[in-house]
>>> print(open('my_file.txt').read())   # compact mmCIF, C-alpha atoms
# COMPACT_ATOMS: atom_id res chain seq x y z
CA MET A 101 77.41 102.67 22.98
CA ASN A 102 74.62 104.72 21.36
CA ILE A 103 71.22 103.08 20.97
CA ASN A 104 68.65 104.60 18.65
CA PRO A 105 65.03 105.13 19.85
CA ALA A 106 63.68 102.14 17.93
CA SER A 107 66.29 99.85 19.48
CA LYS A 108 65.54 101.25 22.94
CA LYS A 109 61.83 100.48 22.50
CA PHE A 110 62.64 96.94 21.30
CA LEU A 111 64.99 96.42 24.23
CA ALA A 112 62.33 97.65 26.70
CA GLU A 113 59.78 95.23 25.23
CA GLN A 114 62.25 92.37 25.54
CA VAL A 115 63.04 93.20 29.18
CA THR A 116 59.31 93.47 29.99
CA SER A 117 58.60 90.10 28.39
CA ILE A 118 61.44 88.46 30.29
CA ALA A 119 60.20 89.99 33.56
CA ARG A 120 56.69 88.70 32.95
CA ILE A 121 57.93 85.17 32.16
CA ALA A 122 60.20 85.21 35.22
CA LEU A 123 57.33 86.37 37.41
CA LYS A 124 55.07 83.65 36.02
CA ASN A 125 57.75 81.00 36.68
CA LEU A 126 58.26 82.20 40.26
CA VAL A 127 54.52 82.14 40.95
CA SER A 128 54.12 78.63 39.51
CA LYS A 129 56.94 77.39 41.76
CA GLY A 130 55.66 79.21 44.81
CA LEU A 131 58.98 81.02 45.10
CA LEU A 132 57.85 84.59 44.52
CA PRO A 133 59.56 87.01 46.94
CA TRP A 134 56.40 88.95 47.77
CA PRO A 135 57.18 92.69 47.77
CA GLN A 136 57.45 94.21 51.22
CA ILE A 137 57.41 97.91 50.31
CA TYR A 138 54.06 97.90 48.54
CA THR A 139 52.53 94.71 49.95
CA LYS A 140 49.04 96.16 50.61
CA GLU A 141 48.79 97.78 47.17
CA PHE A 142 50.16 94.61 45.50
CA TRP A 143 47.48 92.35 46.98
CA GLU A 144 44.72 94.91 46.43
CA VAL A 145 45.53 95.02 42.72
CA ALA A 146 45.83 91.23 42.53
CA ILE A 147 42.44 90.75 44.18
CA THR A 148 40.35 93.62 42.77
CA GLU A 149 41.66 93.41 39.21
CA GLY A 150 41.11 89.67 39.01
CA PHE A 151 44.42 87.79 39.09
CA PRO A 152 43.24 84.64 40.91
CA THR A 153 46.47 82.66 40.49
CA VAL A 154 48.40 85.29 42.42
CA ALA A 155 45.55 86.32 44.74
CA ASN A 156 45.05 82.74 45.95
CA MET A 157 48.71 82.56 46.99
CA LYS A 158 48.43 85.49 49.39
CA PRO A 159 50.11 84.50 52.67
CA SER A 160 47.79 84.36 55.66
CA ASP A 161 48.00 87.47 57.80
CA GLN A 162 48.91 87.24 61.44
CA ASP A 163 45.62 87.63 63.26
CA LEU A 164 45.68 90.34 65.87
CA SER A 165 42.48 90.98 67.77
CA PRO A 166 41.29 94.56 67.18
CA GLU A 167 40.09 94.57 70.80
CA LEU A 168 43.58 93.59 71.99
CA LEU A 169 45.19 96.27 69.82
CA GLN A 170 42.69 98.85 71.05
CA GLU A 171 43.41 97.91 74.67
CA PHE A 172 47.14 98.22 74.03
CA MET A 173 46.72 101.65 72.45
CA ASP A 174 44.48 102.85 75.27
CA GLU A 175 47.14 101.88 77.81
CA THR A 176 49.91 103.40 75.68
CA ASP A 177 47.90 106.57 75.21
CA GLU A 178 47.35 106.82 78.96
CA ILE A 179 51.06 106.39 79.67
CA LEU A 180 51.90 108.85 76.91
CA GLY A 181 49.48 111.36 78.41
CA GLU A 182 51.19 111.14 81.80
CA VAL A 183 54.65 111.41 80.24
CA LYS A 184 53.51 114.29 78.05
CA ASP A 185 52.29 116.24 81.09
CA ALA A 186 55.58 115.65 82.86
CA VAL A 187 57.59 116.65 79.77
CA GLU A 188 55.52 119.78 79.22
CA GLU A 189 56.11 120.76 82.84
CA PHE A 190 59.84 120.04 82.44
CA VAL A 191 60.00 122.06 79.22
CA GLN A 192 58.22 125.00 80.84
CA VAL A 193 60.52 124.97 83.89
CA THR A 194 63.54 124.63 81.59
CA LYS A 195 62.44 127.60 79.48
CA GLU A 196 61.98 129.71 82.60
CA HIS A 197 65.39 128.60 83.86
CA VAL A 198 67.02 129.40 80.50
CA ASN A 199 65.49 132.88 80.52
CA GLU A 200 66.67 133.51 84.08
CA VAL A 201 70.20 132.34 83.27
CA ASN A 202 70.31 134.50 80.13
CA ILE A 203 69.25 137.54 82.15
CA SER A 204 71.87 136.77 84.81
CA LEU A 205 74.60 136.28 82.20
CA THR A 206 73.76 139.57 80.53
CA SER A 207 73.91 141.30 83.91
CA MET A 208 77.26 139.66 84.67
CA ASP A 209 78.60 140.78 81.31
CA LYS A 210 77.73 144.36 82.11
CA LYS A 211 78.94 144.40 85.74
CA ASP A 212 82.13 142.35 85.34
CA GLU A 213 84.33 145.11 84.00
CA GLU A 214 87.52 143.06 84.20
CA ARG A 215 85.93 139.99 82.47
CA LEU A 216 87.48 137.68 85.03
CA PHE A 217 84.87 135.02 84.41
CA ARG A 218 84.56 135.34 80.65
CA GLU A 219 85.37 131.70 79.93
CA ASP A 220 83.05 130.42 82.67
CA ILE A 221 80.26 132.63 81.43
CA ALA A 222 80.75 131.43 77.83
CA GLU A 223 80.68 127.78 78.94
CA LEU A 224 77.55 128.34 81.01
CA ARG A 225 75.87 130.09 78.11
CA LEU A 226 76.76 127.16 75.78
CA LYS A 227 75.31 124.62 78.22
CA ASN A 228 72.25 126.78 78.53
CA VAL A 229 71.73 126.67 74.74
CA GLN A 230 72.23 122.90 74.72
CA LEU A 231 69.67 122.48 77.52
CA GLU A 232 67.15 124.55 75.61
CA LYS A 233 67.77 122.47 72.46
CA GLN A 234 67.31 119.17 74.36
CA ALA A 235 64.06 120.41 75.86
CA LYS A 236 62.76 121.29 72.40
CA GLN A 237 63.80 117.91 70.95
CA THR A 238 62.09 116.07 73.82
CA GLU A 239 58.92 118.06 73.25
CA GLU A 240 58.98 117.22 69.51
CA ARG A 241 59.49 113.49 70.20
CA ILE A 242 56.48 113.43 72.51
CA LYS A 243 54.38 115.18 69.87
CA GLU A 244 55.50 112.63 67.25
CA GLN A 245 54.62 109.72 69.54
CA ALA A 246 51.19 111.24 70.15
CA ARG A 247 50.69 111.55 66.38
CA ILE A 248 51.63 107.88 65.80
CA ILE A 249 49.24 106.74 68.53
CA ALA A 250 46.46 108.84 66.97
CA GLU A 251 47.13 107.27 63.54
CA LEU A 252 47.09 103.74 65.00
CA ARG A 253 43.88 104.50 66.87
CA ALA A 254 42.28 105.66 63.60
CA LYS A 255 43.48 102.59 61.65
CA VAL A 256 42.15 100.07 64.16
CA ARG A 257 38.67 101.58 63.65
CA VAL A 258 38.71 101.06 59.87
CA ASP A 259 37.56 98.03 57.84
CA ALA A 260 40.48 96.97 55.62
CA LEU A 261 38.38 96.07 52.56
CA THR A 262 35.90 98.96 52.27
CA GLY A 263 37.67 101.75 54.13
CA LEU A 264 34.51 102.28 56.21
CA PHE A 265 34.49 102.14 60.00
CA ASN A 266 34.38 98.61 61.44
CA ARG A 267 32.12 96.90 63.98
CA MET A 268 34.32 97.77 66.94
CA ALA A 269 34.13 101.45 65.99
CA LEU A 270 30.34 101.14 65.67
CA GLU A 271 29.96 99.75 69.19
CA LYS A 272 32.15 102.47 70.71
CA ASP A 273 30.39 105.25 68.79
CA LEU A 274 26.94 103.87 69.64
CA GLU A 275 27.86 103.92 73.34
CA LYS A 276 28.66 107.62 73.01
CA GLU A 277 25.44 108.36 71.10
CA LEU A 278 23.32 106.48 73.66
CA SER A 279 24.92 108.52 76.41
CA ARG A 280 24.27 111.79 74.55
CA VAL A 281 20.66 110.90 73.81
CA LYS A 282 20.07 110.18 77.51
CA ARG A 283 21.73 113.47 78.47
CA TYR A 284 20.50 115.87 75.78
CA ASN A 285 17.44 114.02 74.43
CA TYR A 286 18.02 114.81 70.74
CA PRO A 287 17.08 112.39 67.93
CA VAL A 288 19.63 109.88 66.63
CA SER A 289 18.69 107.16 64.14
CA LEU A 290 20.29 103.89 63.10
CA ILE A 291 20.07 102.37 59.61
CA MET A 292 20.99 98.73 58.97
CA CYS A 293 21.52 97.47 55.43
CA ASP A 294 22.04 94.04 53.90
CA ILE A 295 22.78 93.18 50.25
CA ASP A 296 20.04 90.96 48.81
CA HIS A 297 21.23 87.51 47.65
CA PHE A 298 24.91 88.41 48.10
CA LYS A 299 25.88 84.74 48.42
CA LYS A 300 24.64 84.20 44.86
CA ILE A 301 27.05 86.88 43.63
CA ASN A 302 29.99 85.16 45.34
CA ASP A 303 28.92 81.73 44.08
CA THR A 304 28.44 82.96 40.50
CA TYR A 305 31.33 85.40 40.04
CA GLY A 306 33.73 84.56 42.87
CA HIS A 307 34.82 86.38 46.01
CA VAL A 308 37.03 88.80 44.08
CA ILE A 309 33.95 90.26 42.37
CA GLY A 310 32.05 90.04 45.65
CA ASP A 311 34.72 92.15 47.34
CA LYS A 312 34.62 94.61 44.46
CA VAL A 313 30.86 94.99 44.91
CA LEU A 314 31.35 95.73 48.62
CA LYS A 315 33.99 98.37 47.85
CA ASN A 316 31.82 100.03 45.20
CA LEU A 317 28.85 99.98 47.55
CA ALA A 318 30.96 101.73 50.18
CA MET A 319 31.86 104.38 47.60
CA ILE A 320 28.17 104.96 46.75
CA TRP A 321 27.29 105.34 50.41
CA ARG A 322 30.09 107.82 51.12
CA LYS A 323 28.81 110.04 48.33
CA SER A 324 25.18 109.74 49.46
CA VAL A 325 25.24 110.48 53.19
CA ARG A 326 25.79 113.74 55.04
CA GLU A 327 29.12 114.71 56.60
CA THR A 328 27.61 114.20 60.05
CA ASP A 329 26.56 110.61 59.29
CA SER A 330 28.95 107.73 60.03
CA ILE A 331 29.02 104.49 57.98
CA TYR A 332 30.20 101.13 59.31
CA ARG A 333 30.75 97.67 57.88
CA TYR A 334 28.90 95.61 60.48
CA GLY A 335 29.99 92.25 59.12
CA GLY A 336 30.04 90.42 55.76
CA GLU A 337 27.57 92.26 53.53
CA GLU A 338 25.85 94.11 56.38
CA PHE A 339 26.32 97.83 56.98
CA MET A 340 25.19 100.40 59.54
CA ILE A 341 24.72 104.16 59.49
CA ILE A 342 24.51 106.36 62.57
CA ALA A 343 22.55 109.51 61.72
CA PRO A 344 22.79 112.12 64.51
CA HIS A 345 20.09 114.78 64.95
CA THR A 346 17.83 112.76 62.65
CA THR A 347 14.38 111.32 63.34
CA LYS A 348 13.43 107.89 62.05
CA GLU A 349 11.13 109.56 59.51
CA ASP A 350 14.04 111.53 58.02
CA SER A 351 16.28 108.46 58.20
CA TYR A 352 13.68 106.54 56.22
CA LYS A 353 14.06 109.14 53.44
CA LEU A 354 17.86 108.73 53.58
CA ALA A 355 17.55 104.93 53.47
CA GLU A 356 15.23 105.09 50.47
CA ARG A 357 17.63 107.41 48.64
CA LEU A 358 20.45 104.91 49.25
CA ARG A 359 18.30 101.98 48.15
CA LYS A 360 17.36 103.64 44.85
CA ARG A 361 20.93 104.71 44.07
CA VAL A 362 22.26 101.21 44.69
CA SER A 363 19.57 99.55 42.55
CA GLY A 364 20.39 101.90 39.67
CA TYR A 365 24.16 101.34 39.82
CA ARG A 366 25.94 99.00 37.40
CA PHE A 367 28.61 96.87 39.08
CA VAL A 368 31.15 95.84 36.43
CA VAL A 369 32.17 92.17 36.64
CA GLU A 370 34.04 91.87 33.33
CA PRO A 371 35.25 95.10 31.72
CA PRO A 372 34.21 96.83 29.65
CA ASP A 373 30.53 95.94 29.30
CA LYS A 374 29.57 92.98 31.50
CA PHE A 375 27.86 94.20 34.65
CA ILE A 376 25.34 93.23 37.29
CA THR A 377 22.82 95.17 39.38
CA ILE A 378 22.01 94.53 43.02
CA THR A 379 19.36 95.51 45.54
CA ILE A 380 19.54 96.13 49.25
CA SER A 381 17.13 95.81 52.16
CA LEU A 382 17.19 98.31 55.02
CA GLY A 383 15.91 98.58 58.57
CA VAL A 384 15.53 101.94 60.33
CA THR A 385 14.96 102.83 63.97
CA GLN A 386 15.53 105.72 66.37
CA ILE A 387 17.49 105.51 69.61
CA ARG A 388 15.39 105.60 72.76
CA SER A 389 16.74 107.27 75.87
CA ASP A 390 15.79 104.35 78.14
CA GLU A 391 17.32 101.46 76.19
CA SER A 392 20.59 99.54 76.03
CA MET A 393 22.76 98.99 72.96
CA SER A 394 21.64 95.36 72.68
CA GLN A 395 17.98 96.44 72.65
CA LEU A 396 18.69 99.04 69.96
CA LEU A 397 20.60 96.58 67.75
CA ALA A 398 17.89 93.94 68.20
CA ARG A 399 15.21 96.38 67.03
CA VAL A 400 17.04 97.60 63.94
CA ASP A 401 17.91 93.98 63.09
CA LYS A 402 14.22 93.10 63.40
CA ALA A 403 13.34 95.93 61.00
CA LEU A 404 15.87 94.63 58.47
CA TYR A 405 14.57 91.06 58.85
CA GLN A 406 11.04 92.31 58.23
CA ALA A 407 12.19 94.10 55.05
CA LYS A 408 13.61 90.82 53.75
CA GLU A 409 10.52 88.86 54.74
CA GLU A 410 8.32 91.32 52.86
CA GLY A 411 10.19 90.72 49.61
CA ARG A 412 13.56 92.53 49.90
CA ASN A 413 14.60 95.74 48.09
CA ARG A 414 12.68 97.86 50.57
CA THR A 415 13.00 99.84 53.83
CA VAL A 416 11.13 99.07 57.05
CA VAL A 417 10.95 101.43 60.05
CA LEU A 418 10.42 100.23 63.63
>>> encode(input="my_file.txt", output="structure tokens")
Amino acid sequence: MNINPASKKFLAEQVTSIARIALKNLVSKGLLPWPQIYTKEFWEVAITEGFPTVANMKPSDQDLSPELLQEFMDETDEILGEVKDAVEEFVQVTKEHVNEVNISLTSMDKKDEERLFREDIAELRLKNVQLEKQAKQTEERIKEQARIIAELRAKVRVDALTGLFNRMALEKDLEKELSRVKRYNYPVSLIMCDIDHFKKINDTYGHVIGDKVLKNLAMIWRKSVRETDSIYRYGGEEFMIIAPHTTKEDSYKLAERLRKRVSGYRFVVEPPDKFITITISLGVTQIRSDESMSQLLARVDKALYQAKEEGRNRTVVL
């Protein structure tokens, strides 16, 4: 049956309409078989593009403590490291054995003029090849497991909404920076940021728009900091930046640049032309070689609090 182009277009429109109606009916009945293959992308689109009926039906995720997952991966990584060492040693010994056997077989081929052991030699050579292949496959499996562990380790450090590092990653990285400052005595600064009146945005436009603002803010920050700087979502609408090899005076300049870029950005709430602007307050401090992490966080938090007390949309250094 031949269908002309016009009929094909009409048929496609009909199928699309039916699919949309069927989807709407499934949603209204709570029977939608949520897609498994592209679940993350599905919900991201539903939330960020403003489909509240669908977004509000998102099933609750199984909560898994990032700390618990990190502990599991640390233990797995440790076990994998031990196994990897043993496998590498096995592979090396196997390779040496294979080479020795190959040399011996070649010698036997040359010396055994009557070829009395030809079949035995051929069988031994075949087993030798199989052993070499198994050693290589084992080595590749260990490498693949190490790669998966590395990917999981990276994912558990990332905030799902913004794509920035999360609070757990901040605490681990700060521990390392504190240790380096004590050892090498170079400057490292910390910048803490909070969106001014963020609750009002959520109350006025809804959490979908609030999340969109957070994601756009993360994008602005990525484009504004140096490659050596690390950005973290500290919690809610609070963010942190670790700036290595940077004094608090230079970090103040960075914080001010961020503040001005954010205040000049238009956050779209209803395409194409309805937008809002926001401001941020920032606290800046420099790590001291004789302090703990809690002391450092308390000081930068105090700087941020002072910025808000003084009227918001400003940077304070302590």
>>> closest_residue(input="my_file.txt", among="A:Ser324, A:Asn316, A:Thr347, A:Asn199", to="Leu261 (chain A)", atoms="all atoms listed in the file")
A:Asn316
>>> atom_distance(input="my_file.txt", atom1="CA of Asp296 (chain A)", atom2="CA of Lys374 (chain A)")
19.9 Å
>>> residues_around(input="my_file.txt", residues="region 329-331 of chain A", least_positions_apart="4", cutoff="7 Å", atoms="all atoms listed in the file", output="PyMOL selection string")
chain A and resi 264-265+325+340-344
>>> atom_distance(input="my_file.txt", atom1="CA of Glu244 (chain A)", atom2="CA of Gln230 (chain A)")
21.0 Å
>>> atom_distance(input="my_file.txt", atom1="CA of Phe298 (chain A)", atom2="CA of Leu314 (chain A)")
9.8 Å
>>> residues_near_point(input="my_file.txt", point="(26.7, 97.2, 56.5)", cutoff="7 Å", atoms="all atoms listed in the file", output="PyMOL selection string")
chain A and resi 292-294+332-335+337-340
>>> residues_near_point(input="my_file.txt", point="(19.0, 106.9, 51.2)", cutoff="12 Å", atoms="all atoms listed in the file", output="JSON, numbers by chain")
{"A": [291, 292, 293, 320, 321, 322, 323, 324, 325, 326, 329, 341, 343, 349, 350, 351, 352, 353, 354, 355, 356, 357, 358, 359, 360, 361, 362, 363, 380, 381, 382, 383, 384, 414, 415]}
>>> closest_residue(input="my_file.txt", among="A:Leu290, A:Leu274, A:Val416, A:Ala269", to="Leu404 (chain A)", atoms="all atoms listed in the file")
A:Val416
>>> residues_around(input="my_file.txt", residues="Thr377 (chain A)", least_positions_apart="2", cutoff="10 Å", atoms="only C-alpha atoms", output="list of chain:residue names")
A:Val313, A:Val362, A:Ser363, A:Gly364, A:Tyr365, A:Arg366, A:Phe367, A:Val368, A:Phe375, A:Thr379
>>> decode(input="my_file.txt", residues="region 227-290 of chain A", atoms="C-alpha atoms", output="PDB file, in the first residue's frame")
ATOM      1  CA  LYS A 227      47.351 -24.462  26.404  1.00  0.00           C
ATOM      2  CA  ASN A 228      50.066 -21.868  26.627  1.00  0.00           C
ATOM      3  CA  VAL A 229      48.126 -19.569  24.271  1.00  0.00           C
ATOM      4  CA  GLN A 230      44.934 -20.124  26.263  1.00  0.00           C
ATOM      5  CA  LEU A 231      46.733 -19.282  29.517  1.00  0.00           C
ATOM      6  CA  GLU A 232      48.072 -16.077  28.015  1.00  0.00           C
ATOM      7  CA  LYS A 233      44.566 -15.148  26.793  1.00  0.00           C
ATOM      8  CA  GLN A 234      43.018 -15.801  30.241  1.00  0.00           C
ATOM      9  CA  ALA A 235      45.665 -13.658  31.903  1.00  0.00           C
ATOM     10  CA  LYS A 236      44.903 -10.792  29.519  1.00  0.00           C
ATOM     11  CA  GLN A 237      41.130 -11.111  30.062  1.00  0.00           C
ATOM     12  CA  THR A 238      41.600 -11.096  33.847  1.00  0.00           C
ATOM     13  CA  GLU A 239      43.739  -7.985  33.598  1.00  0.00           C
ATOM     14  CA  GLU A 240      41.077  -6.229  31.466  1.00  0.00           C
ATOM     15  CA  ARG A 241      38.291  -7.143  33.925  1.00  0.00           C
ATOM     16  CA  ILE A 242      40.250  -5.655  36.815  1.00  0.00           C
ATOM     17  CA  LYS A 243      40.827  -2.470  34.826  1.00  0.00           C
ATOM     18  CA  GLU A 244      37.091  -2.256  34.033  1.00  0.00           C
ATOM     19  CA  GLN A 245      36.172  -2.712  37.701  1.00  0.00           C
ATOM     20  CA  ALA A 246      38.624   0.028  38.651  1.00  0.00           C
ATOM     21  CA  ARG A 247      37.026   2.321  36.054  1.00  0.00           C
ATOM     22  CA  ILE A 248      33.512   1.658  37.421  1.00  0.00           C
ATOM     23  CA  ILE A 249      34.648   2.365  40.984  1.00  0.00           C
ATOM     24  CA  ALA A 250      36.263   5.621  39.813  1.00  0.00           C
ATOM     25  CA  GLU A 251      33.011   6.665  38.075  1.00  0.00           C
ATOM     26  CA  LEU A 252      30.928   5.863  41.176  1.00  0.00           C
ATOM     27  CA  ARG A 253      33.373   7.768  43.356  1.00  0.00           C
ATOM     28  CA  ALA A 254      33.013  10.804  41.065  1.00  0.00           C
ATOM     29  CA  LYS A 255      29.186  10.602  41.012  1.00  0.00           C
ATOM     30  CA  VAL A 256      28.818  10.445  44.791  1.00  0.00           C
ATOM     31  CA  ARG A 257      30.682  13.781  44.996  1.00  0.00           C
ATOM     32  CA  VAL A 258      28.267  15.575  42.661  1.00  0.00           C
ATOM     33  CA  ASP A 259      25.053  17.468  43.502  1.00  0.00           C
ATOM     34  CA  ALA A 260      22.262  15.972  41.368  1.00  0.00           C
ATOM     35  CA  LEU A 261      20.477  19.268  40.632  1.00  0.00           C
ATOM     36  CA  THR A 262      23.310  21.671  39.773  1.00  0.00           C
ATOM     37  CA  GLY A 263      26.080  19.318  38.692  1.00  0.00           C
ATOM     38  CA  LEU A 264      28.434  21.070  41.140  1.00  0.00           C
ATOM     39  CA  PHE A 265      30.324  19.230  43.866  1.00  0.00           C
ATOM     40  CA  ASN A 266      28.246  18.492  46.983  1.00  0.00           C
ATOM     41  CA  ARG A 267      28.796  19.156  50.687  1.00  0.00           C
ATOM     42  CA  MET A 268      30.480  15.822  51.327  1.00  0.00           C
ATOM     43  CA  ALA A 269      33.005  16.586  48.583  1.00  0.00           C
ATOM     44  CA  LEU A 270      33.587  20.028  50.118  1.00  0.00           C
ATOM     45  CA  GLU A 271      34.410  18.591  53.534  1.00  0.00           C
ATOM     46  CA  LYS A 272      36.832  16.033  52.092  1.00  0.00           C
ATOM     47  CA  ASP A 273      38.538  18.601  49.848  1.00  0.00           C
ATOM     48  CA  LEU A 274      38.775  21.137  52.685  1.00  0.00           C
ATOM     49  CA  GLU A 275      40.518  18.533  54.848  1.00  0.00           C
ATOM     50  CA  LYS A 276      43.132  18.127  52.111  1.00  0.00           C
ATOM     51  CA  GLU A 277      43.570  21.896  51.688  1.00  0.00           C
ATOM     52  CA  LEU A 278      43.950  22.422  55.449  1.00  0.00           C
ATOM     53  CA  SER A 279      46.630  19.747  55.501  1.00  0.00           C
ATOM     54  CA  ARG A 280      48.462  21.342  52.554  1.00  0.00           C
ATOM     55  CA  VAL A 281      48.302  24.816  54.066  1.00  0.00           C
ATOM     56  CA  LYS A 282      49.821  23.491  57.300  1.00  0.00           C
ATOM     57  CA  ARG A 283      52.548  21.693  55.348  1.00  0.00           C
ATOM     58  CA  TYR A 284      53.404  24.167  52.576  1.00  0.00           C
ATOM     59  CA  ASN A 285      52.008  27.430  54.001  1.00  0.00           C
ATOM     60  CA  TYR A 286      50.552  28.758  50.729  1.00  0.00           C
ATOM     61  CA  PRO A 287      47.361  30.869  50.589  1.00  0.00           C
ATOM     62  CA  VAL A 288      43.973  29.197  50.100  1.00  0.00           C
ATOM     63  CA  SER A 289      40.717  31.140  50.350  1.00  0.00           C
ATOM     64  CA  LEU A 290      37.104  30.144  50.881  1.00  0.00           C
TER      65      LEU A 290
END
